[in-house]
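Enquirer: Structure file work06.cif, mmCIF, C-alpha atoms and all ligand atoms, is pasted below:
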```cif
data_entry
#
loop_
_atom_site.label_atom_id
_atom_site.label_comp_id
_atom_site.auth_asym_id
_atom_site.auth_seq_id
_atom_site.Cartn_x
_atom_site.Cartn_y
_atom_site.Cartn_z
CA MET O 90 13.50 17.74 -1.47
CA ALA O 91 11.74 14.44 -2.18
CA THR O 92 8.84 14.28 -4.60
CA TYR O 93 6.22 11.56 -4.36
CA LYS O 94 2.84 10.93 -5.89
CA TYR O 95 1.63 9.76 -2.48
CA VAL O 96 2.91 10.91 0.90
CA ILE O 97 1.78 9.18 4.07
CA VAL O 98 2.39 10.79 7.46
CA GLY O 99 2.44 8.09 10.11
CA GLY O 100 3.97 4.66 10.32
CA GLY O 101 1.30 2.52 11.96
CA MET O 102 -1.08 -0.13 10.72
CA THR O 103 -3.27 2.45 8.99
CA ALA O 104 -0.28 3.66 6.97
CA ASP O 105 0.61 0.10 5.98
CA ALA O 106 -2.99 -0.64 4.98
CA ALA O 107 -3.06 2.56 2.91
CA VAL O 108 0.01 1.40 1.00
CA LYS O 109 -1.81 -1.86 0.20
CA GLY O 110 -4.88 0.13 -0.89
CA ILE O 111 -2.82 2.37 -3.18
CA ARG O 112 -1.08 -0.64 -4.72
CA GLU O 113 -4.43 -2.34 -5.48
CA VAL O 114 -5.16 0.55 -7.83
CA ASP O 115 -1.76 1.99 -8.78
CA PRO O 116 1.10 -0.53 -8.95
CA ASP O 117 3.85 2.00 -9.66
CA GLY O 118 3.06 5.47 -8.27
CA SER O 119 5.84 6.63 -5.94
CA ILE O 120 5.04 6.49 -2.21
CA GLY O 121 6.94 8.18 0.60
CA LEU O 122 6.12 7.34 4.22
CA VAL O 123 7.32 9.58 7.05
CA SER O 124 7.13 8.25 10.60
CA ASP O 125 8.55 9.55 13.86
CA GLU O 126 9.09 5.99 15.05
CA ASN O 127 12.46 4.39 14.32
CA ASP O 128 10.76 1.10 13.49
CA ALA O 129 9.09 0.31 10.18
CA PRO O 130 5.32 -0.39 10.42
CA TYR O 131 4.43 -3.39 12.62
CA LYS O 132 1.27 -5.02 13.92
CA ARG O 133 0.38 -3.37 17.20
CA PRO O 134 -1.94 -5.94 18.90
CA PRO O 135 0.85 -8.50 19.61
CA LEU O 136 2.68 -5.89 21.75
CA SER O 137 0.18 -6.41 24.57
CA LYS O 138 -0.95 -9.94 23.67
CA GLY O 139 0.98 -12.51 21.60
CA LEU O 140 4.52 -11.27 22.30
CA TRP O 141 3.95 -12.17 25.95
CA LYS O 142 2.92 -15.69 24.94
CA ASP O 143 4.58 -17.54 22.07
CA THR O 144 4.42 -15.07 19.15
CA PRO O 145 7.95 -14.38 17.89
CA LEU O 146 8.99 -10.75 17.46
CA GLU O 147 9.90 -11.32 13.79
CA SER O 148 6.25 -12.05 12.98
CA ILE O 149 4.99 -8.55 13.75
CA TRP O 150 6.55 -6.71 10.78
CA CYS O 151 4.13 -5.47 8.10
CA LYS O 152 6.90 -5.50 5.45
CA THR O 153 5.60 -2.22 4.05
CA ASP O 154 8.87 -1.56 2.20
CA SER O 155 8.34 -4.68 0.08
CA ARG O 156 5.63 -2.73 -1.77
CA GLY O 157 7.90 -0.14 -3.31
CA VAL O 158 7.67 2.49 -0.58
CA THR O 159 10.43 4.81 0.62
CA LEU O 160 10.43 4.87 4.42
CA HIS O 161 11.63 8.04 6.16
CA LEU O 162 11.87 6.86 9.76
CA GLY O 163 12.68 8.80 12.92
CA ARG O 164 11.32 12.02 11.41
CA SER O 165 8.41 14.02 12.66
CA VAL O 166 6.34 16.06 10.20
CA GLN O 167 5.89 19.58 11.53
CA SER O 168 3.82 21.38 8.91
CA ILE O 169 1.71 21.07 5.79
CA ASP O 170 1.89 23.68 3.04
CA LEU O 171 -1.45 23.28 1.26
CA ARG O 172 -0.61 25.71 -1.53
CA ARG O 173 2.73 24.13 -2.47
CA LYS O 174 1.46 20.63 -1.60
CA GLN O 175 4.44 19.90 0.61
CA VAL O 176 5.07 18.67 4.12
CA ALA O 177 8.21 19.51 6.12
CA ASP O 178 9.82 17.43 8.87
CA ASP O 179 11.83 18.37 11.96
CA GLN O 180 15.17 17.69 10.26
CA GLY O 181 14.81 19.95 7.23
CA GLY O 182 13.26 17.28 4.99
CA VAL O 183 10.58 18.49 2.56
CA TYR O 184 8.27 16.10 0.72
CA THR O 185 6.07 17.13 -2.19
CA PHE O 186 2.86 15.20 -2.81
CA ASP O 187 -0.07 14.83 -5.20
CA LYS O 188 -2.10 13.09 -2.50
CA LEU O 189 -1.44 13.19 1.24
CA LEU O 190 -2.65 10.84 3.97
CA LEU O 191 -2.61 11.82 7.63
CA ALA O 192 -2.42 8.57 9.59
CA THR O 193 -0.92 10.08 12.72
CA GLY O 194 -2.85 7.98 15.28
CA GLY O 195 -2.84 9.08 18.89
CA THR O 196 -0.49 10.11 21.70
CA PRO O 197 -0.85 8.52 25.12
CA ARG O 198 -2.30 10.78 27.79
CA ARG O 199 0.27 11.38 30.51
CA LEU O 200 0.03 11.57 34.26
CA PRO O 201 1.25 14.77 35.92
CA PHE O 202 4.21 12.99 37.55
CA GLY O 203 6.79 10.29 36.91
CA GLY O 204 8.15 11.66 33.61
CA ASP O 205 9.84 9.04 31.47
CA ARG O 206 9.95 6.52 34.28
CA VAL O 207 6.35 5.62 33.46
CA ILE O 208 5.99 3.45 30.35
CA TYR O 209 2.98 4.74 28.41
CA PHE O 210 2.49 1.54 26.52
CA ARG O 211 1.84 2.18 22.86
CA THR O 212 4.81 1.48 20.56
CA LEU O 213 7.32 -1.26 19.89
CA ARG O 214 9.86 0.92 21.71
CA ASP O 215 7.59 0.81 24.78
CA TYR O 216 7.30 -2.97 24.45
CA ARG O 217 11.10 -3.27 24.35
CA ALA O 218 11.43 -1.02 27.40
CA LEU O 219 8.92 -3.09 29.39
CA ARG O 220 10.46 -6.37 28.23
CA ALA O 221 13.89 -5.18 29.42
CA LEU O 222 12.46 -4.29 32.84
CA ALA O 223 10.54 -7.57 33.01
CA ASP O 224 13.72 -9.52 32.28
CA GLN O 225 15.25 -8.02 35.43
CA GLY O 226 12.43 -7.15 37.80
CA ARG O 227 9.55 -8.98 39.43
CA LYS O 228 7.14 -6.37 40.72
CA PHE O 229 5.08 -4.15 38.42
CA ALA O 230 2.34 -1.58 38.74
CA VAL O 231 -0.18 -1.13 35.95
CA ILE O 232 -2.13 2.14 35.95
CA GLY O 233 -5.47 2.17 34.17
CA GLY O 234 -8.26 -0.36 33.84
CA GLY O 235 -8.97 0.06 30.12
CA PHE O 236 -7.69 -1.94 27.14
CA ILE O 237 -3.97 -1.51 27.80
CA GLY O 238 -4.26 -1.93 31.58
CA ALA O 239 -6.30 -5.15 31.29
CA GLU O 240 -4.10 -6.70 28.60
CA ILE O 241 -0.70 -5.74 30.05
CA ALA O 242 -1.64 -6.77 33.60
CA ALA O 243 -2.65 -10.19 32.23
CA ALA O 244 0.48 -10.40 30.06
CA LEU O 245 2.83 -9.64 32.97
CA ALA O 246 0.99 -11.97 35.35
CA MET O 247 1.20 -14.78 32.78
CA ASN O 248 4.95 -14.16 32.79
CA GLN O 249 5.12 -14.81 36.56
CA LYS O 250 5.31 -11.15 37.53
CA ASP O 251 3.80 -9.77 40.70
CA VAL O 252 1.31 -7.23 39.32
CA THR O 253 -0.74 -4.52 41.02
CA MET O 254 -3.38 -2.81 38.92
CA ALA O 255 -4.83 0.55 39.97
CA PHE O 256 -7.62 2.52 38.33
CA PRO O 257 -10.31 4.98 39.38
CA GLU O 258 -13.38 3.00 38.26
CA GLU O 259 -15.23 0.28 40.15
CA GLY O 260 -14.10 -2.54 37.90
CA ILE O 261 -11.84 -3.58 35.03
CA GLY O 262 -13.21 -2.30 31.72
CA ALA O 263 -15.93 -0.41 33.58
CA ARG O 264 -16.47 2.07 30.75
CA VAL O 265 -17.20 -0.77 28.34
CA PHE O 266 -18.69 -3.74 30.21
CA PRO O 267 -21.90 -3.92 32.25
CA ARG O 268 -21.22 -3.46 35.97
CA ALA O 269 -21.58 -7.12 37.00
CA LEU O 270 -19.17 -8.31 34.30
CA SER O 271 -16.67 -5.61 35.21
CA LEU O 272 -16.83 -6.61 38.91
CA PHE O 273 -16.46 -10.26 37.91
CA LEU O 274 -13.24 -9.30 36.10
CA ASN O 275 -11.81 -7.83 39.32
CA ASP O 276 -12.33 -11.22 41.01
CA TYR O 277 -11.09 -13.12 38.00
CA TYR O 278 -7.84 -11.10 37.87
CA ARG O 279 -7.40 -11.62 41.63
CA GLN O 280 -7.77 -15.37 41.15
CA LYS O 281 -4.98 -15.14 38.58
CA GLY O 282 -2.74 -13.54 41.18
CA VAL O 283 -3.11 -9.84 40.26
CA THR O 284 -3.62 -7.34 43.09
CA VAL O 285 -6.55 -5.23 41.90
CA LEU O 286 -6.91 -1.77 43.44
CA GLU O 287 -10.17 -0.52 42.02
CA GLU O 288 -11.33 3.01 42.90
CA HIS O 289 -7.75 4.11 43.44
CA LEU O 290 -5.95 7.22 42.29
CA VAL O 291 -2.25 7.29 41.65
CA ILE O 292 -0.94 10.51 43.14
CA GLY O 293 2.84 10.42 42.77
CA LEU O 294 5.93 8.51 41.80
CA GLU O 295 9.38 8.77 43.34
CA ASP O 296 12.74 7.12 42.77
CA GLU O 297 13.80 4.74 45.49
CA GLY O 298 17.25 3.50 44.56
CA LYS O 299 16.84 1.40 41.44
CA ARG O 300 13.16 0.93 42.16
CA LEU O 301 10.15 3.21 42.00
CA ALA O 302 7.77 4.13 44.78
CA LEU O 303 4.22 4.70 43.58
CA ARG O 304 1.90 6.69 45.82
CA LEU O 305 -1.78 5.72 45.75
CA ARG O 306 -4.95 6.72 47.51
CA ALA O 307 -8.44 5.22 47.45
CA THR O 308 -11.01 7.56 45.91
CA LYS O 309 -13.15 7.23 49.03
CA ASP O 310 -10.82 9.04 51.40
CA SER O 311 -8.29 6.73 52.97
CA PRO O 312 -4.66 6.87 54.00
CA GLU O 313 -2.02 7.00 51.34
CA ARG O 314 -0.36 3.76 50.28
CA ARG O 315 3.16 3.33 48.87
CA LEU O 316 4.02 0.57 46.49
CA LEU O 317 7.62 -0.32 45.70
CA VAL O 318 8.00 -1.68 42.16
CA ASP O 319 10.51 -2.41 39.40
CA GLY O 320 8.41 -0.84 36.68
CA VAL O 321 5.27 1.22 36.08
CA VAL O 322 3.11 0.88 32.97
CA ALA O 323 0.25 3.25 32.24
CA GLY O 324 -2.66 3.04 29.81
CA VAL O 325 -4.76 6.07 30.60
CA GLY O 326 -6.14 6.68 27.12
CA ILE O 327 -4.89 8.44 24.01
CA GLN O 328 -5.47 11.77 22.33
CA PRO O 329 -5.78 11.97 18.56
CA ARG O 330 -2.71 13.56 16.96
CA ALA O 331 -4.54 16.19 14.97
CA GLU O 332 -2.21 19.20 15.52
CA LEU O 333 -0.78 19.08 12.00
CA ALA O 334 -4.22 19.19 10.42
CA GLU O 335 -5.31 21.90 12.82
CA LYS O 336 -2.27 24.09 12.02
CA ALA O 337 -3.03 23.65 8.30
CA GLY O 338 -6.58 24.93 8.87
CA LEU O 339 -8.34 21.58 8.32
CA ALA O 340 -11.42 20.83 10.41
CA VAL O 341 -10.68 19.13 13.72
CA ASP O 342 -13.30 18.03 16.22
CA ASN O 343 -12.17 15.13 18.42
CA GLY O 344 -9.88 14.06 15.58
CA ILE O 345 -9.51 15.10 11.95
CA VAL O 346 -12.95 15.47 10.42
CA VAL O 347 -13.32 13.39 7.24
CA ASP O 348 -16.23 12.77 4.88
CA GLU O 349 -17.42 9.32 3.81
CA THR O 350 -14.64 9.01 1.20
CA LEU O 351 -12.08 9.98 3.87
CA HIS O 352 -11.22 13.40 2.45
CA ALA O 353 -10.17 15.81 5.19
CA GLY O 354 -11.95 18.84 3.71
CA HIS O 355 -9.47 19.10 0.82
CA PRO O 356 -9.52 17.19 -2.50
CA ASP O 357 -5.93 15.92 -2.06
CA ILE O 358 -5.76 15.34 1.67
CA PHE O 359 -7.09 12.28 3.46
CA ALA O 360 -7.08 11.04 7.03
CA ALA O 361 -7.69 7.56 8.44
CA GLY O 362 -7.26 5.35 11.50
CA ASP O 363 -7.29 6.40 15.18
CA VAL O 364 -6.99 10.09 14.27
CA ALA O 365 -9.94 10.30 11.87
CA ALA O 366 -13.49 11.21 12.92
CA PHE O 367 -15.74 9.69 10.24
CA PRO O 368 -19.50 9.59 9.67
CA SER O 369 -20.83 6.14 10.60
CA PRO O 370 -24.10 5.36 8.80
CA ALA O 371 -24.68 2.34 11.06
CA LEU O 372 -24.52 4.49 14.21
CA GLY O 373 -25.96 7.65 12.66
CA ARG O 374 -23.21 9.92 13.94
CA ARG O 375 -19.54 10.84 13.56
CA VAL O 376 -17.23 8.46 15.40
CA ARG O 377 -13.54 7.88 15.99
CA VAL O 378 -12.41 4.30 16.51
CA GLU O 379 -9.10 3.30 18.12
CA HIS O 380 -8.87 -0.36 17.10
CA GLU O 381 -7.06 -2.59 14.63
CA ASP O 382 -9.91 -3.48 12.25
CA ASN O 383 -10.69 0.20 11.73
CA ALA O 384 -7.01 0.97 11.05
CA ASN O 385 -6.75 -1.83 8.50
CA THR O 386 -10.04 -1.31 6.71
CA MET O 387 -10.12 2.48 6.75
CA GLY O 388 -6.44 2.67 5.80
CA ARG O 389 -7.09 0.50 2.76
CA PHE O 390 -10.10 2.61 1.73
CA ALA O 391 -8.01 5.78 2.11
CA GLY O 392 -5.22 4.32 -0.05
CA ARG O 393 -7.68 3.34 -2.77
CA ALA O 394 -9.28 6.79 -2.61
CA MET O 395 -5.86 8.46 -2.93
CA ALA O 396 -5.22 6.41 -6.07
CA GLY O 397 -8.55 7.50 -7.60
CA LYS O 398 -10.95 4.77 -6.48
CA ALA O 399 -12.90 6.56 -3.76
CA GLU O 400 -15.69 4.50 -2.21
CA PRO O 401 -17.77 5.39 0.83
CA TYR O 402 -16.37 3.96 4.06
CA ARG O 403 -19.44 2.37 5.67
CA HIS O 404 -17.69 -0.31 7.66
CA LEU O 405 -18.67 -0.81 11.28
CA PRO O 406 -15.35 -1.95 12.79
CA PHE O 407 -15.07 -4.74 15.34
CA PHE O 408 -12.52 -5.10 18.11
CA TYR O 409 -11.32 -7.93 20.31
CA SER O 410 -9.23 -8.69 23.34
CA ASP O 411 -7.75 -11.54 25.37
CA LEU O 412 -7.84 -11.47 29.16
CA PHE O 413 -6.04 -14.58 30.41
CA ASP O 414 -8.27 -17.47 29.20
CA LEU O 415 -11.21 -15.21 28.37
CA GLY O 416 -11.61 -13.59 25.00
CA TYR O 417 -14.18 -11.51 23.19
CA GLU O 418 -15.11 -9.76 19.98
CA ALA O 419 -17.30 -6.69 19.93
CA VAL O 420 -18.88 -4.38 17.43
CA GLY O 421 -20.59 -1.00 17.57
CA GLU O 422 -20.96 1.29 20.53
CA LEU O 423 -19.93 -0.45 23.76
CA ASP O 424 -20.68 2.12 26.36
CA SER O 425 -21.65 0.78 29.77
CA ARG O 426 -23.87 3.86 30.31
CA LEU O 427 -26.32 2.49 27.73
CA GLU O 428 -29.07 0.04 28.66
CA THR O 429 -27.52 -3.44 28.54
CA VAL O 430 -29.18 -6.80 28.07
CA GLU O 431 -27.06 -9.74 29.22
CA ASP O 432 -27.76 -13.17 27.78
CA TRP O 433 -25.35 -15.65 29.40
CA LYS O 434 -25.04 -19.30 28.47
CA GLU O 435 -22.67 -19.54 31.41
CA PRO O 436 -22.41 -16.38 33.53
CA TYR O 437 -19.35 -14.29 32.60
CA ARG O 438 -17.76 -17.23 30.76
CA GLU O 439 -19.84 -17.40 27.60
CA GLY O 440 -22.63 -15.16 26.42
CA VAL O 441 -23.77 -12.06 24.56
CA VAL O 442 -24.37 -8.54 25.83
CA TYR O 443 -26.55 -6.14 23.81
CA TYR O 444 -26.23 -2.37 24.23
CA LEU O 445 -29.52 -0.59 23.59
CA LYS O 446 -30.56 2.98 22.95
CA GLN O 447 -34.20 3.87 22.31
CA GLY O 448 -35.09 0.36 21.20
CA ARG O 449 -32.18 -0.01 18.79
CA VAL O 450 -29.14 -2.19 19.30
CA ARG O 451 -26.07 0.08 19.27
CA GLY O 452 -23.42 -2.46 20.17
CA VAL O 453 -22.88 -6.17 20.78
CA LEU O 454 -20.32 -7.89 23.01
CA LEU O 455 -19.59 -11.48 22.04
CA TRP O 456 -17.96 -12.97 25.14
CA ASN O 457 -16.25 -16.23 24.22
CA VAL O 458 -18.75 -16.42 21.36
CA TRP O 459 -17.13 -16.55 17.92
CA ASP O 460 -17.95 -16.02 14.22
CA GLN O 461 -20.87 -13.75 15.04
CA VAL O 462 -19.49 -10.32 14.17
CA ASP O 463 -21.40 -10.05 10.88
CA ALA O 464 -24.61 -11.24 12.51
CA ALA O 465 -24.08 -8.57 15.18
CA ARG O 466 -23.59 -5.92 12.48
CA ARG O 467 -26.89 -6.97 10.86
CA LEU O 468 -28.65 -6.71 14.20
CA ILE O 469 -27.28 -3.19 14.73
CA ALA O 470 -28.62 -2.24 11.27
CA GLU O 471 -32.17 -3.43 12.15
CA PRO O 472 -34.57 -0.59 12.96
CA GLY O 473 -36.09 -2.51 15.91
CA PRO O 474 -37.63 -1.79 18.28
CA HIS O 475 -35.79 -4.36 20.34
CA THR O 476 -36.48 -5.27 23.92
CA PRO O 477 -34.71 -7.48 26.46
CA VAL O 478 -37.29 -10.20 25.66
CA SER O 479 -36.91 -9.98 21.87
CA LEU O 480 -33.11 -10.09 22.13
CA LYS O 481 -32.83 -13.22 24.29
CA GLY O 482 -31.23 -15.94 22.17
CA ARG O 483 -30.82 -13.72 19.05
CA LEU O 484 -27.10 -14.48 18.93
CA PRO O 485 -25.34 -16.71 18.24
CA ALA O 486 -27.41 -16.92 15.06
CA ALA O 487 -28.04 -20.34 13.52
CA LYS O 488 -25.64 -20.99 10.66
P1 LIG I 501 -8.64 3.24 27.43
O1 LIG I 501 -9.42 4.41 27.00
O2 LIG I 501 -9.07 1.88 27.04
O3 LIG I 501 -8.56 3.22 29.02
C1 LIG I 501 -8.22 4.35 29.75
C2 LIG I 501 -8.27 4.00 31.22
O4 LIG I 501 -7.49 4.94 31.88
C3 LIG I 501 -9.61 4.10 31.92
O5 LIG I 501 -10.35 2.94 31.88
C4 LIG I 501 -9.17 4.41 33.35
O6 LIG I 501 -9.13 3.22 34.10
C5 LIG I 501 -7.78 4.88 33.24
N1 LIG I 501 -7.51 6.21 33.80
C6 LIG I 501 -7.84 7.42 33.31
N2 LIG I 501 -7.31 8.38 34.10
C7 LIG I 501 -6.61 7.76 35.06
C8 LIG I 501 -5.83 8.21 36.16
N3 LIG I 501 -5.65 9.50 36.40
N4 LIG I 501 -5.27 7.28 36.96
C9 LIG I 501 -5.42 5.97 36.70
N5 LIG I 501 -6.14 5.50 35.69
C10 LIG I 501 -6.73 6.39 34.89
O7 LIG I 501 -7.14 3.53 26.95
P2 LIG I 501 -5.84 2.62 27.00
O8 LIG I 501 -6.06 1.41 27.80
O9 LIG I 501 -4.74 3.54 27.37
O10 LIG I 501 -5.64 2.20 25.49
C11 LIG I 501 -5.10 3.13 24.56
C12 LIG I 501 -5.64 2.88 23.20
O11 LIG I 501 -5.22 1.66 22.65
C13 LIG I 501 -7.12 2.88 23.15
O12 LIG I 501 -7.42 3.63 22.04
C14 LIG I 501 -7.50 1.45 22.90
O13 LIG I 501 -8.68 1.35 22.15
C15 LIG I 501 -6.32 0.93 22.16
N6 LIG I 501 -6.12 -0.49 22.45
C16 LIG I 501 -7.01 -1.36 21.95
C17 LIG I 501 -6.87 -2.70 22.26
C18 LIG I 501 -7.85 -3.68 21.70
O14 LIG I 501 -8.62 -3.31 20.81
N7 LIG I 501 -7.85 -4.91 22.20
C19 LIG I 501 -5.84 -3.13 23.07
C20 LIG I 501 -4.95 -2.20 23.57
C21 LIG I 501 -5.10 -0.86 23.26
#
```
Would it be possible to restate this file's structure as structure tokens?
Expert:
Amino acid sequence: MATYKYVIVGGGMTADAAVKGIREVDPDGSIGLVSDENDAPYKRPPLSKGLWKDTPLESIWCKTDSRGVTLHLGRSVQSIDLRRKQVADDQGGVYTFDKLLLATGGTPRRLPFGGDRVIYFRTLRDYRALRALADQGRKFAVIGGGFIGAEIAAALAMNQKDVTMAFPEEGIGARVFPRALSLFLNDYYRQKGVTVLEEHLVIGLEDEGKRLALRLRATKDSPERRLLVDGVVAGVGIQPRAELAEKAGLAVDNGIVVDETLHAGHPDIFAAGDVAAFPSPALGRRVRVEHEDNANTMGRFAGRAMAGKAEPYRHLPFFYSDLFDLGYEAVGELDSRLETVEDWKEPYREGVVYYLKQGRVRGVLLWNVWDQVDAARRLIAEPGPHTPVSLKGRLPAAK
């Protein structure tokens, strides 16, 4: 049995940030980290971005173990004993804690076919698997038009692969971007050589010698199409890994429910990152955010709270992406079902999109517009009312 002052379940960026947070307050307290990945914590964004350009693999390591942490890798925590303050893993390991952090992230949703032949792109292991296929093969299918689909399709195309993207919506990033921008992205990807099959369902996958045959059908009734490829990548969303918390009787509602100091309904148990549903004062409701800035900032707050310096987590996280030569930063609620106000300096190349609900700005998309995230946060905090006319030219703000 191992005894630690702090036990962290999970080995992602949130876990690494929590270690930093603990060490800001407590330089010596023992920390044990249990992760079911075989790799020590690493930065996740380069897996679908920089590693396909010129970022070297060595640069992604978080170096968590340099902060006096014992890493227990390749082990999956199965249960929490609240009374004994212990967690147990799948290999008979038991870890006793004073304070526990659940930073278990999310599991990729899976399609009902294809098994392990589909790469559900999430971990370094998945990156290695896709890299190995890309070293050999030329033709790839990318399923999903969300964050992973858009980034991986661009990454493979930039590495001279023949890429077909298929997703059920009308356009790339349709759940996030206003319709016209999303349709523009379909054209933009086509110009970059990607075959874009919008409004398509993937209905099966079969082995065909060393290759894979993907079966597709347009949503609007049409004959089936077969696509022969060397590899299939899917990004069809994730589900928060909240089973452990649920089994232990902690509150779970689209993720582990935490309060503003990141306690998961127990004085010694915390949750943070993709798995944690936290109250956002800026948005006036409980949210769960699946992006890097939230992992880093919330993880650090959780670590500090575990070490006795609890402060309310009031951060409104931002996120960002690169799509070939286009890039953006965004903050708040980017839901294309909201009213959107588009203010383009150059259509779809540079501009700002505001997402409005009842006269308040809920989210801001900064499309090739930089250093405006804090100004966007201030705008979201304003009571308004805002209108399309009042928002024109609001951002970028004068410096
Ligand atoms: P996502 O939620 O961004 O996109 C899911 C997509 O799945 C949808 O847009 C849809 O096109 C597609 N889809 C759903 N069901 C489908 C089906 N049956 N067939 C085909 N397509 C289907 O999720 P993701 O792209 O898988 O990303 C996973 C997680 O990683 C997300 O939490 C995301 O926020 C995070 N991530 C973030 C970034 C970033 O911040 N830049 C980059 C990569 C990943």
Enquirer: I'd like the contact shell of region 466-474 of chain O - 6 Å cut-off, only C-alpha atoms, skipping same-chain residues fewer than 5 positions apart - returned as a PyMOL selection string.
Expert: chain O and resi 448-451
Enquirer: Restrict the selected residues to C-alpha atoms and save them as a PDB file, keeping the file's coordinate frame.
Expert:
```pdb
ATOM      1  CA  GLY O 448     -35.090   0.360  21.200  1.00  0.00           C
ATOM      2  CA  ARG O 449     -32.180  -0.010  18.790  1.00  0.00           C
ATOM      3  CA  VAL O 450     -29.140  -2.190  19.300  1.00  0.00           C
ATOM      4  CA  ARG O 451     -26.070   0.080  19.270  1.00  0.00           C
TER       5      ARG O 451
END
```
Enquirer: Report, in Å with one decimal, the straight-line distance from CA of Arg268 (chain O) to CA of Val231 (chain O).
Expert: 21.2 Å
Enquirer: Could you tell me how far CA of Gln328 (chain O) sits from CA of Gly262 (chain O), in Å to one decimal place?
Expert: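 Here the two named atoms are 18.6 Å from each other.
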Enquirer: Please identify every polymer residue within 8 Å of ligand LIG 501 (chain I), using all atoms listed in the file, and present the set as a PyMOL selection string.
Expert: chain O and resi 134+137+195+197-198+200+209-211+232-240+255-258+261-264+289-291+323-327+363+378-381+408-411
Enquirer: Considering all atoms listed in the file, return as a list in words whatever protein or nucleic-acid residues lie within 7 Å of region 342-352 of chain O, sequence-local ones (same chain, fewer than 2 positions apart) excluded.
Expert: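 Counting all atoms listed in the file, the residues come to Pro329, Ala331, Ala334, Ala340, Gly354, His355, Pro356, Ile358, Phe359, Ala360, Ala361, Val364, Ala365, Ala366, Phe367, Pro368, Ala391, Ala394, Ala399, Glu400, Pro401 and Tyr402 of chain O.
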Enquirer: Quick one: residues within 7 Å of region 441-445 of chain O, all atoms listed in the file, excluding same-chain residues fewer than 3 positions away - as a ChimeraX atom specification?
Expert: /O:423,427-433,448-456,484
Enquirer: Hey, can you check how far CA of Gly293 (chain O) sits from CA of Pro201 (chain O)?
Expert: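 It comes out at 8.3 Å.
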Enquirer: Using all atoms listed in the file, which of the listed residues (O:Asp115, O:Asp424, O:Asp357, O:Glu287) sits closest to Ile97 (chain O)?
Expert: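 Checking each candidate against Ile97 (chain O), we get O:Asp357 as the closest.
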Enquirer: O:Val96, O:Leu301, O:Leu415, O:Ala337: which is nearest Val207 (chain O), counting only C-alpha atoms?
Expert: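 Using only C-alpha atoms, the shortest distance to Val207 (chain O) belongs to O:Leu301.
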Enquirer: I'd like the neighbourhood of Ala242 (chain O) as a list in words, where a residue qualifies if any of its atoms comes within 9 Å (using all atoms listed in the file), though same-chain residues fewer than 2 positions away should be ignored.
Expert: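 The filter keeps Phe229, Ala230, Val231, Ile237, Gly238, Ala239, Glu240, Ala244, Leu245, Ala246, Met247, Val252, Thr253, Met254, Tyr278, Val283 and Leu412 of chain O.
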